[in-house]
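Q: Once you've had a glance at the structure underneath, I'll fire off some questions.
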Protein chains: 2
Amino acid sequence: MSSTSSPGRGRPARLDRSGTVDTALELLDSLGLDDLTMRRLADSLGVRAGALYRHFATKRDLLTAMAERMLADIPAPRADGDWEERLAGLARAMRTALLAHRDGARVYAGTHSTGAHTLRFSDTVTGVLREAGFADEDAARALMAVVNFTVGHTLEEQAALRPGDEGTADPEPLRQAVESGTFHHLVAALPTLTSTDFTAHFEFGLRLLVHGLRALRESGTQRDPGGV
Amino acid sequence: MSSTSSPGRGRPARLDRSGTVDTALELLDSLGLDDLTMRRLADSLGVRAGALYRHFATKRDLLTAMAERMLADIPAPRADGDWEERLAGLARAMRTALLAHRDGARVYAGTHSTGAHTLRFSDTVTGVLREAGFADEDAARALMAVVNFTVGHTLEEQAALRPGDEGTADPEPLRQAVESGTFHHLVAALPTLTSTDFTAHFEFGLRLLVHGLRALRESGTQRDPGGV
DNA sequence: ACCTGAACACCGTTCAAGT
DNA sequence: ACCTGAACACCGTTCAAGT
């Protein structure tokens with residue numbers, strides 16, 4: 001169970017930043033974000049809540065460190081494939097990293113990490129686009145568009161999958177409201193909207209973004225055709 | 001000020017669902033989501049916290065009603081313009097509705113409303129796409145892609161604008177980390193990434209999605225060319 | 001019928017005091 | 001130097017009792 005440094009015999013020599021984040025992520029997976037408290041985390045570490053504040057100025061600080069750690073799971077992108085496939089691969093890797101932890105997207109969306117993993121990911125995405133010939137400004141905006149879509153999608157995906165409270169896993173109230181009303185376009189869309197094939201939903205949106213970027217690239221700067 | 005039923009003379013006849021949501025949105029604007037508590041809302045209504053539970057089973061229920069009310073501000077779409085302009089207009093209207101309240105995107109993202117305004121908005125977007133010739137499944141997936149991007153973007157926009165805690169309004173730590181490291185692609189993107197012209201960022205992503213949909217429409221079903 | 005009072009079981013955070 | 005104990009100022013939610 002105890003994974004990292006100093007398994008501890010007599011005095012546990014307990015708290016360090018990295019190990020605390022590990023335990024916090026395990027607790028997140030078993031309890032969910034709403035039940036992850038500083039007190040419960042302290043219990044898991046064999047310590048009182050106040051001791052956590054020697055390593056994290058605030059709970060938000062802890063959550064930021066957790067978000068940053070989640071992005072560490074993103075593997076370095078394979079160098080093969082064209083820019084479209086590499087960009088899509090990076091977006092998929094981000095979704096996968098967020099899905100890897102319960103409420104992962106909520107944790108990520110609620111923080112603003114500027115850690116090394118976050119910067120590395122942003123740098124990689126920007127690099128794929130710049131090397132494909134996109135202007136710096138377009139590369140930056142494309143990064144934001146892809147990340148914002150991915151976070152928005154995964155937020156929705158994890159919200160829909162959790163047993164929550166009302167009408168999420170159970171589409172009955174929505175179905176009823178739709179069929180009784182005048183929302184006939186929505187009725188046609190319902191089978192897809194209530195589908196749980198979130199990968200298909202994600203791929204659809206991702207394809208739209210990539211297509212849009214391809215069109216922008218072809219209409220814009222067509223300098224350096226061919227090349228690497 | 002008192003809008004709905006029974007303005008009340010002697011005894012305020014105080015609580016009703018609709019007025020409570022109004023007051024909650026006002027309180028949200030002045031305090032922010034983190035400081036919006038059931039007790040403070042009760043104070044604003046001249047009532048004790050327990051009384052709120054006669055109208056809302058839970059705080060989450062209240063927040064869902066607030067999210068639903070926010071979408072009521074979305075005006076009916078103008079009938080002029082082609083499907084691309086109408087779709088873009090609806091996405092812009094949603095962003096505007098979320099921006100209209102402090103932490104609006106966070107409130108919306110944290111809930112799962114199936115109220116009339118949410119359904120009407122979804123029905124309208126789906127209708128624009130179906131009438132443009134998209135298959136039901138594509139219309140549904142396009143709705144989700146546009147909404148998820150819009151929510152993700154606005155979440156980011158409101159997070160960046162709030163005076164928060166660390167390195168959000170102040171890009172110094174990020175700038176330093178970037179310049180000291182080997183993230184040279186990110187350095188090129190920095191001026192755009194730290195720009196506060198969020199409308200430009202939003203429009204860029206929205207254009208990508210619309211371009212992608214146009215390509216899909218032209219490659220896919222080209223039945224019923226011309227005509228309304 | 002609708003609200004109050006009071007409680008239950010918690011929170012995040014701080015800080016003197018111990019070791 | 002690092003952690004405990006104990007407190008401060010709160011939370012969301014429930015429910016008997018009042019009116």
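Residue names in the structure tokens use chain letters A, B, ... in the order shown, residue numbers from 1 in each chain, and ligand numbers from 1 in the order shown.
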Both chains have the same sequence, so superpose chain A on chain B over all Cα atoms paired in order and return it as an mmCIF file with C-alpha atoms, in the first residue's frame.
A:
```cif
data_model
loop_
_atom_site.group_PDB
_atom_site.id
_atom_site.type_symbol
_atom_site.label_atom_id
_atom_site.label_comp_id
_atom_site.auth_asym_id
_atom_site.auth_seq_id
_atom_site.Cartn_x
_atom_site.Cartn_y
_atom_site.Cartn_z
ATOM 1 C CA MET A 1 -36.611 45.334 -4.712
ATOM 2 C CA SER A 2 -39.362 42.799 -4.111
ATOM 3 C CA SER A 3 -40.278 41.969 -7.662
ATOM 4 C CA THR A 4 -42.740 39.145 -8.123
ATOM 5 C CA SER A 5 -45.946 38.215 -6.305
ATOM 6 C CA SER A 6 -47.358 39.564 -3.023
ATOM 7 C CA PRO A 7 -45.117 42.370 -1.817
ATOM 8 C CA GLY A 8 -46.247 41.440 1.668
ATOM 9 C CA ARG A 9 -47.579 43.792 4.350
ATOM 10 C CA GLY A 10 -48.335 42.034 7.574
ATOM 11 C CA ARG A 11 -47.084 38.501 7.083
ATOM 12 C CA PRO A 12 -44.782 38.325 4.053
ATOM 13 C CA ALA A 13 -46.375 35.079 2.754
ATOM 14 C CA ARG A 14 -42.802 34.581 1.787
ATOM 15 C CA LEU A 15 -41.475 31.540 0.089
ATOM 16 C CA ASP A 16 -42.217 30.381 -3.413
ATOM 17 C CA ARG A 17 -39.966 28.499 -5.809
ATOM 18 C CA SER A 18 -39.712 31.149 -8.473
ATOM 19 C CA GLY A 19 -38.975 34.074 -6.171
ATOM 20 C CA THR A 20 -36.423 32.039 -4.290
ATOM 21 C CA VAL A 21 -34.546 31.327 -7.514
ATOM 22 C CA ASP A 22 -34.562 35.044 -8.365
ATOM 23 C CA THR A 23 -33.088 35.946 -5.005
ATOM 24 C CA ALA A 24 -30.564 33.122 -5.273
ATOM 25 C CA LEU A 25 -29.340 34.466 -8.615
ATOM 26 C CA GLU A 26 -28.998 37.988 -7.189
ATOM 27 C CA LEU A 27 -27.029 36.563 -4.282
ATOM 28 C CA LEU A 28 -24.883 34.551 -6.682
ATOM 29 C CA ASP A 29 -23.963 37.743 -8.511
ATOM 30 C CA SER A 30 -22.956 39.569 -5.353
ATOM 31 C CA LEU A 31 -21.283 36.721 -3.433
ATOM 32 C CA GLY A 32 -20.144 34.123 -5.961
ATOM 33 C CA LEU A 33 -20.924 30.416 -5.894
ATOM 34 C CA ASP A 34 -18.550 29.543 -3.047
ATOM 35 C CA ASP A 35 -20.286 31.932 -0.667
ATOM 36 C CA LEU A 36 -23.839 31.176 -1.720
ATOM 37 C CA THR A 37 -25.173 29.142 1.187
ATOM 38 C CA MET A 38 -28.627 27.991 2.119
ATOM 39 C CA ARG A 39 -28.365 29.984 5.335
ATOM 40 C CA ARG A 40 -27.431 33.222 3.570
ATOM 41 C CA LEU A 41 -30.164 32.723 0.998
ATOM 42 C CA ALA A 42 -32.648 32.143 3.796
ATOM 43 C CA ASP A 43 -31.491 35.374 5.473
ATOM 44 C CA SER A 44 -32.097 37.300 2.254
ATOM 45 C CA LEU A 45 -35.615 35.916 2.180
ATOM 46 C CA GLY A 46 -36.326 36.673 5.833
ATOM 47 C CA VAL A 47 -36.657 33.037 6.721
ATOM 48 C CA ARG A 48 -34.672 30.256 8.426
ATOM 49 C CA ALA A 49 -32.622 27.818 6.364
ATOM 50 C CA GLY A 50 -34.867 24.853 7.061
ATOM 51 C CA ALA A 51 -37.791 26.547 5.353
ATOM 52 C CA LEU A 52 -36.027 26.336 1.993
ATOM 53 C CA TYR A 53 -36.360 22.572 2.052
ATOM 54 C CA ARG A 54 -40.094 22.848 1.548
ATOM 55 C CA HIS A 55 -39.393 23.970 -2.036
ATOM 56 C CA PHE A 56 -36.019 22.405 -2.842
ATOM 57 C CA ALA A 57 -35.138 18.881 -1.798
ATOM 58 C CA THR A 58 -31.472 19.731 -1.770
ATOM 59 C CA LYS A 59 -29.039 22.531 -2.538
ATOM 60 C CA ARG A 60 -28.232 20.770 -5.822
ATOM 61 C CA ASP A 61 -31.917 21.023 -6.670
ATOM 62 C CA LEU A 62 -31.785 24.784 -6.102
ATOM 63 C CA LEU A 63 -28.691 25.096 -8.287
ATOM 64 C CA THR A 64 -30.408 23.113 -11.027
ATOM 65 C CA ALA A 65 -33.348 25.512 -10.913
ATOM 66 C CA MET A 66 -30.908 28.418 -11.134
ATOM 67 C CA ALA A 67 -29.189 26.907 -14.176
ATOM 68 C CA GLU A 68 -32.543 26.347 -15.804
ATOM 69 C CA ARG A 69 -33.539 29.969 -15.155
ATOM 70 C CA MET A 70 -30.332 31.236 -16.739
ATOM 71 C CA LEU A 71 -31.257 29.641 -20.046
ATOM 72 C CA ALA A 72 -34.574 31.479 -19.951
ATOM 73 C CA ASP A 73 -32.644 34.615 -20.899
ATOM 74 C CA ILE A 74 -31.746 33.141 -24.284
ATOM 75 C CA PRO A 75 -33.858 34.957 -26.860
ATOM 76 C CA ALA A 76 -35.651 33.032 -29.576
ATOM 77 C CA PRO A 77 -33.329 32.806 -32.568
ATOM 78 C CA ARG A 78 -33.954 35.129 -35.454
ATOM 79 C CA ALA A 79 -35.248 33.264 -38.457
ATOM 80 C CA ASP A 80 -32.985 35.069 -40.905
ATOM 81 C CA GLY A 81 -29.575 33.851 -41.943
ATOM 82 C CA ASP A 82 -28.405 30.442 -43.062
ATOM 83 C CA TRP A 83 -28.011 27.479 -40.743
ATOM 84 C CA GLU A 84 -24.401 28.378 -39.973
ATOM 85 C CA GLU A 85 -25.266 31.848 -38.764
ATOM 86 C CA ARG A 86 -28.233 30.604 -36.791
ATOM 87 C CA LEU A 87 -26.191 27.898 -35.088
ATOM 88 C CA ALA A 88 -23.441 30.360 -34.240
ATOM 89 C CA GLY A 89 -26.038 32.782 -32.902
ATOM 90 C CA LEU A 90 -27.423 30.134 -30.576
ATOM 91 C CA ALA A 91 -23.956 29.272 -29.273
ATOM 92 C CA ARG A 92 -23.232 32.966 -28.675
ATOM 93 C CA ALA A 93 -26.552 33.339 -26.875
ATOM 94 C CA MET A 94 -25.688 30.455 -24.568
ATOM 95 C CA ARG A 95 -22.289 31.937 -23.733
ATOM 96 C CA THR A 96 -23.950 35.293 -23.070
ATOM 97 C CA ALA A 97 -26.537 33.676 -20.797
ATOM 98 C CA LEU A 98 -23.821 31.970 -18.749
ATOM 99 C CA LEU A 99 -21.713 35.133 -18.595
ATOM 100 C CA ALA A 100 -24.718 37.107 -17.353
ATOM 101 C CA HIS A 101 -24.273 35.694 -13.841
ATOM 102 C CA ARG A 102 -21.165 35.408 -11.719
ATOM 103 C CA ASP A 103 -19.929 31.795 -11.865
ATOM 104 C CA GLY A 104 -22.758 31.086 -14.300
ATOM 105 C CA ALA A 105 -20.823 28.438 -16.202
ATOM 106 C CA ARG A 106 -19.864 26.689 -12.960
ATOM 107 C CA VAL A 107 -23.467 26.597 -11.841
ATOM 108 C CA TYR A 108 -24.549 25.260 -15.222
ATOM 109 C CA ALA A 109 -21.776 22.657 -15.481
ATOM 110 C CA GLY A 110 -22.517 21.323 -12.013
ATOM 111 C CA THR A 111 -26.159 20.561 -12.713
ATOM 112 C CA HIS A 112 -28.262 18.567 -15.140
ATOM 113 C CA SER A 113 -31.411 20.453 -15.862
ATOM 114 C CA THR A 114 -34.222 18.891 -17.845
ATOM 115 C CA GLY A 115 -36.450 21.940 -17.521
ATOM 116 C CA ALA A 116 -38.451 23.592 -20.249
ATOM 117 C CA HIS A 117 -35.855 26.227 -21.147
ATOM 118 C CA THR A 118 -33.066 23.681 -21.460
ATOM 119 C CA LEU A 119 -35.237 21.461 -23.619
ATOM 120 C CA ARG A 120 -36.363 24.374 -25.762
ATOM 121 C CA PHE A 121 -32.766 25.428 -26.394
ATOM 122 C CA SER A 122 -31.725 21.893 -27.318
ATOM 123 C CA ASP A 123 -34.746 21.523 -29.556
ATOM 124 C CA THR A 124 -33.969 24.790 -31.340
ATOM 125 C CA VAL A 125 -30.343 23.864 -32.019
ATOM 126 C CA THR A 126 -31.306 20.402 -33.192
ATOM 127 C CA GLY A 127 -33.994 21.924 -35.410
ATOM 128 C CA VAL A 128 -31.577 24.290 -37.134
ATOM 129 C CA LEU A 129 -29.332 21.357 -37.973
ATOM 130 C CA ARG A 130 -32.028 18.935 -39.062
ATOM 131 C CA GLU A 131 -33.590 21.535 -41.310
ATOM 132 C CA ALA A 132 -30.158 22.134 -42.818
ATOM 133 C CA GLY A 133 -30.155 18.499 -43.868
ATOM 134 C CA PHE A 134 -28.149 16.844 -41.113
ATOM 135 C CA ALA A 135 -29.121 13.342 -40.063
ATOM 136 C CA ASP A 136 -30.728 13.058 -36.633
ATOM 137 C CA GLU A 137 -27.653 11.444 -35.160
ATOM 138 C CA ASP A 138 -25.293 14.110 -36.496
ATOM 139 C CA ALA A 139 -27.611 16.881 -35.335
ATOM 140 C CA ALA A 140 -27.633 15.422 -31.816
ATOM 141 C CA ARG A 141 -23.859 15.037 -31.710
ATOM 142 C CA ALA A 142 -23.336 18.533 -33.105
ATOM 143 C CA LEU A 143 -25.564 19.914 -30.357
ATOM 144 C CA MET A 144 -23.445 18.192 -27.735
ATOM 145 C CA ALA A 145 -20.175 19.339 -29.317
ATOM 146 C CA VAL A 146 -21.279 22.968 -29.460
ATOM 147 C CA VAL A 147 -22.701 22.970 -25.936
ATOM 148 C CA ASN A 148 -19.688 21.213 -24.443
ATOM 149 C CA PHE A 149 -17.297 23.619 -26.132
ATOM 150 C CA THR A 150 -19.362 26.606 -25.021
ATOM 151 C CA VAL A 151 -19.525 25.428 -21.421
ATOM 152 C CA GLY A 152 -15.816 24.544 -21.380
ATOM 153 C CA HIS A 153 -14.894 27.914 -22.845
ATOM 154 C CA THR A 154 -17.082 29.940 -20.512
ATOM 155 C CA LEU A 155 -15.879 28.001 -17.478
ATOM 156 C CA GLU A 156 -12.358 29.003 -18.442
ATOM 157 C CA GLU A 157 -13.364 32.569 -19.208
ATOM 158 C CA GLN A 158 -15.060 33.134 -15.872
ATOM 159 C CA ALA A 159 -12.250 31.412 -13.992
ATOM 160 C CA ALA A 160 -9.694 33.684 -15.641
ATOM 161 C CA LEU A 161 -11.633 36.844 -14.882
ATOM 162 C CA ARG A 162 -12.269 36.241 -11.211
ATOM 163 C CA PRO A 163 -9.654 37.685 -8.806
ATOM 164 C CA GLY A 164 -9.324 34.164 -7.413
ATOM 165 C CA ASP A 165 -6.209 33.073 -5.625
ATOM 166 C CA GLU A 166 -3.153 32.357 -7.710
ATOM 167 C CA GLY A 167 -1.696 33.133 -11.104
ATOM 168 C CA THR A 168 -4.965 33.646 -12.904
ATOM 169 C CA ALA A 169 -5.358 37.359 -13.421
ATOM 170 C CA ASP A 170 -1.642 37.594 -12.789
ATOM 171 C CA PRO A 171 0.233 35.612 -15.485
ATOM 172 C CA GLU A 172 3.658 36.142 -13.906
ATOM 173 C CA PRO A 173 4.349 32.640 -12.504
ATOM 174 C CA LEU A 174 3.304 31.059 -15.765
ATOM 175 C CA ARG A 175 5.341 33.470 -17.804
ATOM 176 C CA GLN A 176 8.363 32.767 -15.654
ATOM 177 C CA ALA A 177 7.956 29.004 -15.811
ATOM 178 C CA VAL A 178 7.622 29.152 -19.560
ATOM 179 C CA GLU A 179 10.615 31.353 -20.221
ATOM 180 C CA SER A 180 12.944 29.479 -17.904
ATOM 181 C CA GLY A 181 12.071 26.078 -19.363
ATOM 182 C CA THR A 182 12.336 24.412 -22.702
ATOM 183 C CA PHE A 183 8.772 25.197 -23.713
ATOM 184 C CA HIS A 184 9.633 27.333 -26.686
ATOM 185 C CA HIS A 185 6.428 26.607 -28.581
ATOM 186 C CA LEU A 186 4.486 27.821 -25.579
ATOM 187 C CA VAL A 187 6.533 31.004 -25.485
ATOM 188 C CA ALA A 188 5.354 31.765 -29.010
ATOM 189 C CA ALA A 189 1.760 31.145 -27.981
ATOM 190 C CA LEU A 190 1.926 33.130 -24.736
ATOM 191 C CA PRO A 191 0.756 36.529 -25.986
ATOM 192 C CA THR A 192 -2.435 34.926 -27.307
ATOM 193 C CA LEU A 193 -2.884 32.554 -24.360
ATOM 194 C CA THR A 194 -2.722 35.427 -21.885
ATOM 195 C CA SER A 195 -4.926 37.690 -23.956
ATOM 196 C CA THR A 196 -8.229 38.585 -22.340
ATOM 197 C CA ASP A 197 -10.114 38.914 -25.613
ATOM 198 C CA PHE A 198 -12.274 35.916 -24.815
ATOM 199 C CA THR A 199 -14.772 36.748 -27.497
ATOM 200 C CA ALA A 200 -12.047 36.244 -30.111
ATOM 201 C CA HIS A 201 -11.108 32.906 -28.513
ATOM 202 C CA PHE A 202 -14.706 31.790 -28.470
ATOM 203 C CA GLU A 203 -15.317 32.828 -32.076
ATOM 204 C CA PHE A 204 -12.236 30.921 -33.209
ATOM 205 C CA GLY A 205 -13.391 27.652 -31.665
ATOM 206 C CA LEU A 206 -16.948 28.187 -32.808
ATOM 207 C CA ARG A 207 -15.749 28.758 -36.383
ATOM 208 C CA LEU A 208 -13.810 25.497 -36.281
ATOM 209 C CA LEU A 209 -16.921 23.609 -35.268
ATOM 210 C CA VAL A 210 -19.100 25.277 -37.897
ATOM 211 C CA HIS A 211 -16.509 24.672 -40.621
ATOM 212 C CA GLY A 212 -16.318 21.044 -39.587
ATOM 213 C CA LEU A 213 -20.083 20.736 -39.804
ATOM 214 C CA ARG A 214 -20.133 22.353 -43.232
ATOM 215 C CA ALA A 215 -17.597 19.820 -44.474
ATOM 216 C CA LEU A 216 -19.629 16.973 -43.005
ATOM 217 C CA ARG A 217 -22.801 18.278 -44.630
ATOM 218 C CA GLU A 218 -21.221 18.612 -48.046
ATOM 219 C CA SER A 219 -19.600 15.197 -47.967
ATOM 220 C CA GLY A 220 -22.591 13.428 -46.454
ATOM 221 C CA THR A 221 -26.243 13.494 -47.443
ATOM 222 C CA GLN A 222 -26.716 16.001 -50.235
ATOM 223 C CA ARG A 223 -30.370 15.180 -50.647
ATOM 224 C CA ASP A 224 -32.798 18.050 -51.112
ATOM 225 C CA PRO A 225 -30.429 20.600 -52.556
ATOM 226 C CA GLY A 226 -31.739 24.137 -52.654
ATOM 227 C CA GLY A 227 -35.163 24.066 -50.988
ATOM 228 C CA VAL A 228 -36.214 26.385 -48.156
#
```
Q: Specify as a short mmCIF file (atom, residue, chain, number, x, y, z; two decimals) with C-alpha atoms (C1' of nucleotides), in the first residue's frame all residues of chain D found within 10 Å of chain A, counting only C-alpha atoms (C1' of nucleotides).
A:
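Contents of the output file selection_8.cif:
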```cif
data_model
loop_
_atom_site.label_atom_id
_atom_site.label_comp_id
_atom_site.auth_asym_id
_atom_site.auth_seq_id
_atom_site.Cartn_x
_atom_site.Cartn_y
_atom_site.Cartn_z
"C1'" DC D 2 6.94 19.03 12.35
"C1'" DC D 3 2.74 17.68 14.36
"C1'" DT D 4 -1.15 17.79 17.93
"C1'" DG D 5 -5.10 19.77 20.38
#
```
Q: Would you compute the distance between C1' of DC11 in chain C and C1' of DC10 in chain D? Give it in Å to one decimal.
A: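 Spanning C1' of DC11 in chain C to C1' of DC10 in chain D is a straight-line distance of 7.7 Å.
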Q: Apply DSSP to the backbone of this structure and, from chain A, keep only the residues in helix (DSSP H, G or I); write these as a PyMOL selection string.
A: chain A and resi 17-31+33-35+38-45+49-54+59-71+83-99+104-109+116-131+136-161+172-180+184-193+198-219
Q: One decimal, in Å: what's the spacing between C1' of DC8 in chain C and C1' of DA7 in chain D?
A: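 Pair C1' of DC8 in chain C / C1' of DA7 in chain D returns 19.2 Å.
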